[in-house]
>>> print(open('structure_15.cif').read())   # mmCIF, C-alpha atoms
data_data
#
loop_
_atom_site.label_atom_id
_atom_site.label_comp_id
_atom_site.auth_asym_id
_atom_site.auth_seq_id
_atom_site.Cartn_x
_atom_site.Cartn_y
_atom_site.Cartn_z
CA MET A 132 -37.64 62.01 -141.51
CA SER A 133 -39.09 63.09 -138.17
CA ALA A 134 -36.89 64.13 -135.26
CA PRO A 135 -36.31 61.44 -132.63
CA ILE A 136 -38.45 61.35 -129.51
CA ARG A 137 -36.20 61.69 -126.50
CA SER A 138 -36.56 60.87 -122.85
CA MET A 139 -35.42 63.53 -120.37
CA THR A 140 -33.40 61.04 -118.34
CA GLY A 141 -29.93 59.99 -119.41
CA PHE A 142 -26.20 59.97 -118.74
CA ALA A 143 -23.08 60.57 -120.81
CA ARG A 144 -19.36 60.66 -120.02
CA VAL A 145 -16.47 61.77 -122.22
CA GLN A 146 -12.76 61.65 -121.43
CA THR A 147 -10.24 63.38 -123.67
CA SER A 148 -6.46 63.30 -123.33
CA THR A 149 -4.38 66.17 -124.67
CA GLU A 150 -0.75 67.25 -124.42
CA HIS A 151 -1.83 69.51 -121.56
CA GLY A 152 -3.64 66.80 -119.57
CA ASP A 153 -6.96 64.97 -119.26
CA ILE A 154 -10.44 66.46 -119.62
CA VAL A 155 -13.43 64.56 -118.21
CA VAL A 156 -17.03 65.65 -118.86
CA SER A 157 -20.17 64.00 -117.50
CA LEU A 158 -23.79 64.98 -118.09
CA LYS A 159 -26.66 63.54 -116.05
CA SER A 160 -30.24 64.54 -116.83
CA VAL A 161 -33.64 64.00 -115.20
CA ASN A 162 -37.14 65.38 -115.76
CA HIS A 163 -37.86 69.10 -115.65
CA ARG A 164 -40.50 71.38 -117.14
CA GLY A 165 -37.79 73.36 -118.97
CA LEU A 166 -34.03 73.31 -119.51
CA ASP A 167 -32.29 73.63 -116.14
CA LEU A 168 -28.49 73.46 -116.26
CA HIS A 169 -26.46 73.03 -113.08
CA PHE A 170 -22.68 73.26 -113.37
CA HIS A 171 -20.17 71.63 -111.04
CA LEU A 172 -16.82 73.06 -112.10
CA GLY A 173 -13.46 73.70 -110.55
CA PRO A 174 -12.42 77.36 -110.17
CA GLU A 175 -10.07 77.03 -113.15
CA LEU A 176 -13.08 76.33 -115.44
CA ASP A 177 -15.60 78.86 -114.11
CA ALA A 178 -14.80 81.28 -116.92
CA LEU A 179 -16.01 78.72 -119.48
CA GLU A 180 -19.45 78.14 -117.95
CA ASN A 181 -21.34 80.45 -120.32
CA ALA A 182 -19.66 78.92 -123.36
CA MET A 183 -20.48 75.42 -122.09
CA ARG A 184 -24.08 76.49 -121.50
CA SER A 185 -24.40 77.71 -125.08
CA VAL A 186 -23.03 74.43 -126.46
CA ILE A 187 -25.48 72.33 -124.47
CA LYS A 188 -28.49 74.54 -125.29
CA ARG A 189 -27.90 73.94 -128.98
CA SER A 190 -28.55 70.21 -128.50
CA VAL A 191 -30.77 69.75 -125.45
CA LEU A 192 -34.28 71.21 -125.13
CA ARG A 193 -35.61 70.10 -121.73
CA GLY A 194 -34.45 68.47 -118.52
CA HIS A 195 -32.55 69.16 -115.31
CA ILE A 196 -28.93 68.52 -116.24
CA ASP A 197 -25.94 68.24 -113.92
CA VAL A 198 -22.80 69.22 -115.81
CA ARG A 199 -19.47 68.11 -114.38
CA CYS A 200 -16.17 68.92 -116.01
CA SER A 201 -12.60 68.57 -114.76
CA ALA A 202 -9.33 69.39 -116.48
CA VAL A 203 -6.18 67.91 -114.94
CA ARG A 204 -2.94 69.17 -116.41
CA ALA A 205 -0.09 66.89 -117.24
CA ALA A 206 2.64 67.08 -114.62
CA ASN A 207 5.89 68.85 -115.40
CA GLY A 208 7.90 66.36 -113.35
CA ALA A 209 8.23 62.62 -113.86
CA THR A 210 6.18 61.81 -110.77
CA GLY A 211 3.42 64.33 -111.51
CA LEU A 212 3.52 65.47 -107.88
CA ASN A 213 2.86 69.13 -107.10
CA LEU A 214 5.88 69.57 -104.86
CA PRO A 215 5.29 73.28 -104.06
CA LEU A 216 1.79 72.50 -102.84
CA LEU A 217 3.01 69.48 -100.83
CA ARG A 218 5.77 71.45 -99.15
CA SER A 219 3.42 74.32 -98.42
CA TYR A 220 0.94 71.95 -96.79
CA LEU A 221 3.63 70.25 -94.66
CA ALA A 222 5.03 73.61 -93.55
CA ALA A 223 1.56 74.78 -92.52
CA PHE A 224 0.98 71.51 -90.66
CA ARG A 225 4.25 71.78 -88.69
CA LYS A 226 3.66 75.46 -87.91
CA ALA A 227 0.19 74.76 -86.54
CA ALA A 228 1.47 71.81 -84.48
CA SER A 229 4.28 73.94 -83.03
CA GLU A 230 2.02 76.87 -82.15
CA GLU A 231 -0.41 74.56 -80.39
CA GLY A 232 2.32 72.68 -78.55
CA ILE A 233 1.56 69.36 -80.24
CA THR A 234 4.72 67.25 -80.43
CA ASP A 235 3.51 63.75 -81.34
CA ALA A 236 1.37 64.53 -84.43
CA GLN A 237 2.55 63.44 -87.86
CA PRO A 238 0.93 64.34 -91.20
CA ASP A 239 -0.93 61.54 -93.00
CA LEU A 240 0.76 61.32 -96.40
CA ASN A 241 -2.02 59.16 -97.89
CA ARG A 242 -4.59 61.83 -97.13
CA ILE A 243 -2.33 64.62 -98.34
CA LEU A 244 -1.88 62.96 -101.72
CA GLN A 245 -5.68 62.86 -102.14
CA LEU A 246 -6.01 66.63 -101.85
CA PRO A 247 -7.17 68.50 -104.98
CA GLY A 248 -4.26 69.80 -107.06
CA MET A 249 -1.65 67.54 -105.45
CA PHE A 250 -1.09 65.91 -108.84
CA GLY A 251 -1.07 67.61 -112.23
CA ALA A 252 0.56 70.76 -110.96
CA ALA A 253 -0.51 74.18 -112.15
CA SER A 254 0.49 77.26 -110.28
CA ASP A 255 -1.60 79.93 -111.96
CA GLY A 256 -5.05 78.39 -111.49
CA GLU A 257 -5.97 79.01 -115.14
CA PRO A 258 -6.47 76.43 -117.91
CA ASP A 259 -4.06 76.36 -120.82
CA PRO A 260 -5.30 78.80 -123.47
CA THR A 261 -5.39 76.08 -126.12
CA SER A 262 -7.54 73.79 -123.98
CA GLU A 263 -10.75 75.86 -124.20
CA SER A 264 -11.64 74.56 -127.64
CA VAL A 265 -10.89 71.00 -126.52
CA ILE A 266 -13.09 71.37 -123.45
CA LEU A 267 -15.99 72.77 -125.48
CA ALA A 268 -15.56 69.98 -128.03
CA ALA A 269 -15.76 67.46 -125.17
CA ILE A 270 -18.94 69.16 -123.90
CA GLU A 271 -20.45 68.96 -127.39
CA GLU A 272 -19.55 65.28 -127.70
CA ALA A 273 -21.06 64.57 -124.27
CA ALA A 274 -24.28 66.38 -125.27
CA GLU A 275 -24.47 64.26 -128.42
CA LYS A 276 -23.98 61.05 -126.44
CA LEU A 277 -26.59 62.19 -123.92
CA ASN A 278 -29.09 62.72 -126.75
CA GLN A 279 -28.31 59.27 -128.15
CA PHE A 280 -28.99 57.76 -124.72
CA ARG A 281 -32.21 59.76 -124.36
CA ALA A 282 -33.35 58.86 -127.88
CA ARG A 283 -33.03 55.13 -127.16
CA GLU A 284 -35.11 55.47 -124.01
CA GLY A 285 -37.53 57.81 -125.79
CA ALA A 286 -38.17 55.19 -128.49
CA GLU A 287 -39.05 52.65 -125.80
CA LEU A 288 -41.43 55.09 -124.09
CA ALA A 289 -43.08 55.97 -127.41
CA ALA A 290 -43.66 52.27 -128.15
CA PHE A 291 -45.31 51.84 -124.75
CA ILE A 292 -47.51 54.91 -125.32
CA ARG A 293 -48.61 53.59 -128.72
CA GLU A 294 -49.56 50.30 -127.09
CA GLN A 295 -51.73 52.06 -124.50
CA ASN A 296 -53.26 54.29 -127.16
CA ALA A 297 -54.20 51.22 -129.19
CA ALA A 298 -56.05 49.93 -126.12
CA ILE A 299 -57.98 53.22 -125.93
CA LEU A 300 -58.97 52.97 -129.60
CA LYS A 301 -60.09 49.38 -129.11
CA SER A 302 -62.24 50.34 -126.12
CA ALA A 303 -63.75 53.25 -128.06
CA GLY A 304 -64.66 50.86 -130.88
CA GLU A 305 -66.38 48.45 -128.53
CA MET A 306 -68.22 51.30 -126.80
CA ALA A 307 -69.50 52.45 -130.20
CA GLN A 308 -70.87 48.96 -130.93
CA ILE A 309 -72.57 48.78 -127.52
CA ARG A 310 -74.03 52.25 -127.99
CA GLU A 311 -75.83 51.16 -131.18
CA LYS A 312 -77.62 48.48 -129.17
CA ALA A 313 -78.08 50.54 -126.05
CA VAL A 314 -79.64 53.73 -127.43
CA PRO A 315 -82.95 52.12 -128.56
CA ALA A 316 -83.15 50.19 -125.29
CA PHE A 317 -82.44 53.33 -123.27
CA HIS A 318 -85.05 55.29 -125.27
CA LYS A 319 -87.70 52.61 -124.65
CA ARG A 320 -86.89 52.35 -120.95
CA LEU A 321 -86.99 56.14 -120.57
CA LEU A 322 -90.36 56.35 -122.31
CA GLU A 323 -91.80 53.69 -120.01
CA LYS A 324 -90.44 55.52 -116.98
CA LEU A 325 -91.98 58.81 -118.09
CA GLN A 326 -95.37 57.15 -118.68
CA GLU A 327 -95.21 55.60 -115.24
CA LEU A 328 -94.35 58.91 -113.57
CA LEU A 329 -96.93 60.97 -115.46
CA GLY A 330 -99.71 58.41 -115.11
CA ASN A 331 -103.01 59.82 -116.34
CA SER A 332 -101.78 63.34 -116.95
CA GLY A 333 -103.23 63.26 -120.44
CA LEU A 334 -99.92 64.22 -122.07
CA ASP A 335 -99.94 63.62 -125.81
CA PRO A 336 -98.12 60.33 -126.60
CA GLN A 337 -96.22 62.02 -129.43
CA ARG A 338 -95.05 64.81 -127.09
CA LEU A 339 -94.10 62.16 -124.54
CA ALA A 340 -92.01 60.37 -127.14
CA GLN A 341 -90.30 63.63 -128.09
CA GLU A 342 -89.39 64.39 -124.49
CA ALA A 343 -88.04 60.87 -124.07
CA ALA A 344 -85.96 61.30 -127.24
CA LEU A 345 -84.51 64.57 -125.95
CA LEU A 346 -83.55 63.01 -122.64
CA ALA A 347 -82.07 60.00 -124.41
CA ASP A 348 -80.00 62.30 -126.63
CA ARG A 349 -78.58 64.03 -123.57
CA GLY A 350 -77.50 60.65 -122.28
CA ASP A 351 -76.01 59.59 -125.61
CA ILE A 352 -72.22 59.04 -125.66
CA GLY A 353 -71.83 59.09 -129.45
CA GLU A 354 -70.16 62.51 -129.52
CA GLU A 355 -67.76 61.59 -126.72
CA ILE A 356 -66.77 58.36 -128.48
CA SER A 357 -66.16 60.30 -131.69
CA ARG A 358 -63.90 62.81 -129.93
CA LEU A 359 -62.13 59.98 -128.13
CA ASN A 360 -61.24 58.50 -131.51
CA ILE A 361 -60.14 61.89 -132.88
CA HIS A 362 -57.88 62.65 -129.92
CA SER A 363 -56.42 59.16 -130.03
CA ARG A 364 -55.50 59.61 -133.69
CA GLN A 365 -53.99 63.01 -132.88
CA LEU A 366 -51.82 61.34 -130.26
CA GLU A 367 -50.42 59.02 -132.94
CA GLU A 368 -49.76 62.00 -135.20
CA ILE A 369 -47.81 63.75 -132.43
CA LEU A 370 -45.65 60.67 -131.91
CA ASP A 371 -45.12 60.37 -135.67
CA SER A 372 -43.98 64.00 -135.88
CA GLY A 373 -41.30 63.38 -133.21
CA GLY A 374 -39.20 66.07 -131.57
CA GLU A 375 -40.42 67.87 -128.46
CA VAL A 376 -43.68 65.99 -127.83
CA GLY A 377 -44.01 66.01 -124.03
CA LYS A 378 -45.98 69.25 -123.61
CA ARG A 379 -48.25 68.54 -126.58
CA LEU A 380 -49.09 65.10 -125.22
CA ASP A 381 -49.92 66.55 -121.82
CA PHE A 382 -52.60 68.85 -123.29
CA LEU A 383 -54.10 66.08 -125.43
CA LEU A 384 -54.27 63.68 -122.48
CA GLN A 385 -56.40 66.22 -120.61
CA GLU A 386 -58.88 66.13 -123.50
CA LEU A 387 -58.91 62.33 -123.58
CA ASN A 388 -59.52 62.22 -119.84
CA ARG A 389 -62.38 64.72 -120.14
CA GLU A 390 -64.19 62.56 -122.71
CA THR A 391 -63.89 59.38 -120.63
CA ASN A 392 -65.21 61.22 -117.55
CA THR A 393 -68.24 62.40 -119.54
CA ILE A 394 -68.88 58.88 -120.81
CA LEU A 395 -68.78 57.57 -117.24
CA SER A 396 -71.30 60.19 -116.14
CA LYS A 397 -73.77 59.12 -118.86
CA THR A 398 -73.74 55.34 -118.48
CA SER A 399 -76.31 55.02 -115.72
CA GLY A 400 -79.66 53.61 -116.69
CA LEU A 401 -78.38 51.28 -119.39
CA GLY A 402 -78.34 48.09 -117.34
CA ASP A 403 -75.74 45.48 -118.25
CA LEU A 404 -74.77 47.38 -121.39
CA GLY A 405 -74.05 50.43 -119.25
CA LEU A 406 -71.87 48.37 -116.93
CA ARG A 407 -69.77 47.19 -119.86
CA ILE A 408 -69.36 50.74 -121.14
CA THR A 409 -68.29 51.76 -117.64
CA GLU A 410 -65.68 48.99 -117.61
CA LEU A 411 -64.33 50.11 -120.97
CA ALA A 412 -64.25 53.78 -119.97
CA LEU A 413 -62.41 52.94 -116.74
CA ALA A 414 -59.91 50.86 -118.70
CA SER A 415 -59.39 53.84 -121.03
CA LYS A 416 -58.79 56.13 -118.05
CA ALA A 417 -56.20 53.69 -116.72
CA ALA A 418 -54.46 53.64 -120.12
CA ILE A 419 -54.54 57.46 -120.27
CA GLU A 420 -52.92 57.66 -116.83
CA LYS A 421 -50.18 55.21 -117.90
CA ILE A 422 -49.50 57.38 -120.94
CA ARG A 423 -49.39 60.49 -118.76
CA GLU A 424 -46.82 58.93 -116.42
CA GLN A 425 -44.52 58.12 -119.32
CA ALA A 426 -45.16 61.34 -121.23
CA LEU A 427 -43.80 63.25 -118.24
CA ASN A 428 -40.43 61.67 -119.06
CA LEU A 429 -40.40 62.90 -122.66
CA GLU A 430 -38.59 66.00 -123.88
#
>>> encode(input="structure_15.cif", output="structure tokens")
Amino acid sequence: MSAPIRSMTGFARVQTSTEHGDIVVSLKSVNHRGLDLHFHLGPELDALENAMRSVIKRSVLRGHIDVRCSAVRAANGATGLNLPLLRSYLAAFRKAASEEGITDAQPDLNRILQLPGMFGAASDGEPDPTSESVILAAIEEAAEKLNQFRAREGAELAAFIREQNAAILKSAGEMAQIREKAVPAFHKRLLEKLQELLGNSGLDPQRLAQEAALLADRGDIGEEISRLNIHSRQLEEILDSGGEVGKRLDFLLQELNRETNTILSKTSGLGDLGLRITELALASKAAIEKIREQALNLE
């Protein structure tokens, strides 16, 4: 079974309650050429950043990921209020007011209670020793949920890419049918043009026909159509293989685009048949660009 195709955008949140308090982890990812981890941690969790990074790197291959983690200890008192911190804040407030000669100012209790650390008191600034394993387990669970989210979106993007690739294959098939009709017509028209330009130069008719055939071969799009089909089938194989497909698709799309550009440069001189080939090649280019836009989102 092939690995799932994942988008690079996603979100996951995990909340775990322990005897020491609550741990909340959130991961938010967007596109990036590699794996770019940005941590937003409180000072009490800074020491765990490298361990968290290792856990995430085991599961996630690409993307810019914002990692947020908070650990709030259970309060020792019934109210959960950090009384030492509250009293320290009030004392500092009153001292500042006195030194500045301010007599009518009163502290705003609502704002004070919103300050970090005012609830879930912890005086040493360090997490409980037993909480490290719980925190890393929460990180691992969040990474798994993030991958599940990204896999669902990746499946949708892969389905869209297959749809556009089918349109490219269909256009290539129609171009091949038109080419079979167009090559003889182009050869005849080119021969007539050469005869008109050379006039009475006395050039051997057989040599004239050979030159016309050479020029017609240079304007033939058979090879480009063949490679278009090959690259399109390779694209399907990449999607079937799953896993980290984004970079491989990007290279293949460059090849597909190159073939359509060459086809467009060779369609002049074919009259109405050439116009139809041009329409089909332009439609293929549009489909390739749609695939490129979505492939940029894939891991």
>>> residues_around(input="structure_15.cif", residues="Ser415 (chain A)", least_positions_apart="6", cutoff="12 Å", atoms="all atoms listed in the file", output="list of chain:residue names")
A:Gln295, A:Asn296, A:Ala297, A:Ala298, A:Ile299, A:Leu300, A:Lys301, A:Ser302, A:Ala303, A:Gly304, A:Glu305, A:Met306, A:Ile356, A:Leu359, A:Asn360, A:Ser363, A:Leu384, A:Leu387, A:Asn388, A:Arg389, A:Glu390, A:Thr391, A:Asn392, A:Ile394, A:Leu395, A:Ile408, A:Thr409, A:Lys421, A:Ile422
>>> write_last_selection(input="structure_15.cif", atoms="C-alpha atoms", output="tab-separated table (two decimals), in the coordinates of the input")
chain	number	residue	atom	x	y	z
A	295	GLN	CA	-51.73	52.06	-124.50
A	296	ASN	CA	-53.26	54.29	-127.16
A	297	ALA	CA	-54.20	51.22	-129.19
A	298	ALA	CA	-56.05	49.93	-126.12
A	299	ILE	CA	-57.98	53.22	-125.93
A	300	LEU	CA	-58.97	52.97	-129.60
A	301	LYS	CA	-60.09	49.38	-129.11
A	302	SER	CA	-62.24	50.34	-126.12
A	303	ALA	CA	-63.75	53.25	-128.06
A	304	GLY	CA	-64.66	50.86	-130.88
A	305	GLU	CA	-66.38	48.45	-128.53
A	306	MET	CA	-68.22	51.30	-126.80
A	356	ILE	CA	-66.77	58.36	-128.48
A	359	LEU	CA	-62.13	59.98	-128.13
A	360	ASN	CA	-61.24	58.50	-131.51
A	363	SER	CA	-56.42	59.16	-130.03
A	384	LEU	CA	-54.27	63.68	-122.48
A	387	LEU	CA	-58.91	62.33	-123.58
A	388	ASN	CA	-59.52	62.22	-119.84
A	389	ARG	CA	-62.38	64.72	-120.14
A	390	GLU	CA	-64.19	62.56	-122.71
A	391	THR	CA	-63.89	59.38	-120.63
A	392	ASN	CA	-65.21	61.22	-117.55
A	394	ILE	CA	-68.88	58.88	-120.81
A	395	LEU	CA	-68.78	57.57	-117.24
A	408	ILE	CA	-69.36	50.74	-121.14
A	409	THR	CA	-68.29	51.76	-117.64
A	421	LYS	CA	-50.18	55.21	-117.90
A	422	ILE	CA	-49.50	57.38	-120.94
>>> atom_distance(input="structure_15.cif", atom1="CA of Ser264 (chain A)", atom2="CA of Arg189 (chain A)")
16.3 Å
>>> resolve_selection(input="structure_15.cif", expression="the PyMOL selection byres ((chain A and resi 200) around 7)", output="PyMOL selection string")
chain A and resi 155-157+171-172+198-199+201-202
>>> residues_near_point(input="structure_15.cif", point="(-40.2, 51.8, -127.6)", cutoff="12 Å", atoms="only C-alpha atoms", output="PDB file with C-alpha atoms, in the frame of the given file")
ATOM      1  CA  PRO A 135     -36.310  61.440-132.630  1.00  0.00           C
ATOM      2  CA  ILE A 136     -38.450  61.350-129.510  1.00  0.00           C
ATOM      3  CA  ARG A 137     -36.200  61.690-126.500  1.00  0.00           C
ATOM      4  CA  SER A 138     -36.560  60.870-122.850  1.00  0.00           C
ATOM      5  CA  ARG A 281     -32.210  59.760-124.360  1.00  0.00           C
ATOM      6  CA  ALA A 282     -33.350  58.860-127.880  1.00  0.00           C
ATOM      7  CA  ARG A 283     -33.030  55.130-127.160  1.00  0.00           C
ATOM      8  CA  GLU A 284     -35.110  55.470-124.010  1.00  0.00           C
ATOM      9  CA  GLY A 285     -37.530  57.810-125.790  1.00  0.00           C
ATOM     10  CA  ALA A 286     -38.170  55.190-128.490  1.00  0.00           C
ATOM     11  CA  GLU A 287     -39.050  52.650-125.800  1.00  0.00           C
ATOM     12  CA  LEU A 288     -41.430  55.090-124.090  1.00  0.00           C
ATOM     13  CA  ALA A 289     -43.080  55.970-127.410  1.00  0.00           C
ATOM     14  CA  ALA A 290     -43.660  52.270-128.150  1.00  0.00           C
ATOM     15  CA  PHE A 291     -45.310  51.840-124.750  1.00  0.00           C
ATOM     16  CA  ILE A 292     -47.510  54.910-125.320  1.00  0.00           C
ATOM     17  CA  ARG A 293     -48.610  53.590-128.720  1.00  0.00           C
ATOM     18  CA  GLU A 294     -49.560  50.300-127.090  1.00  0.00           C
ATOM     19  CA  GLN A 295     -51.730  52.060-124.500  1.00  0.00           C
ATOM     20  CA  LEU A 370     -45.650  60.670-131.910  1.00  0.00           C
ATOM     21  CA  GLN A 425     -44.520  58.120-119.320  1.00  0.00           C
TER      22      GLN A 425
END
>>> atom_distance(input="structure_15.cif", atom1="CA of Ala412 (chain A)", atom2="CA of Ile352 (chain A)")
11.1 Å
>>> atom_distance(input="structure_15.cif", atom1="CA of Met183 (chain A)", atom2="CA of Glu275 (chain A)")
13.4 Å
>>> closest_residue(input="structure_15.cif", among="A:Asp153, A:Asp167, A:Leu380, A:Thr398", to="Glu424 (chain A)", atoms="only C-alpha atoms")
A:Leu380
>>> closest_residue(input="structure_15.cif", among="A:Val161, A:Met139, A:Ala178, A:Ala414", to="Asn278 (chain A)", atoms="all atoms listed in the file")
A:Met139
>>> closest_residue(input="structure_15.cif", among="A:Arg423, A:Lys226, A:Arg144, A:Arg193", to="Leu166 (chain A)", atoms="all atoms listed in the file")
A:Arg193
>>> residues_near_point(input="structure_15.cif", point="(-38.4, 72.8, -122.8)", cutoff="9 Å", atoms="all atoms listed in the file", output="list in words")
His163, Arg164, Gly165, Leu166, Val191, Leu192, Arg193, Gly194, Glu375, Gly377, Lys378 and Glu430 of chain A
>>> closest_residue(input="structure_15.cif", among="A:Leu221, A:Ile266, A:Val186, A:Ala134", to="Gly374 (chain A)", atoms="all atoms listed in the file")
A:Ala134
>>> closest_residue(input="structure_15.cif", among="A:Asp235, A:Leu244, A:Val203, A:Ile309", to="Glu175 (chain A)", atoms="all atoms listed in the file")
A:Val203
>>> closest_residue(input="structure_15.cif", among="A:Asp177, A:Glu386, A:Asp197, A:Asp403", to="Ser160 (chain A)", atoms="all atoms listed in the file")
A:Asp197
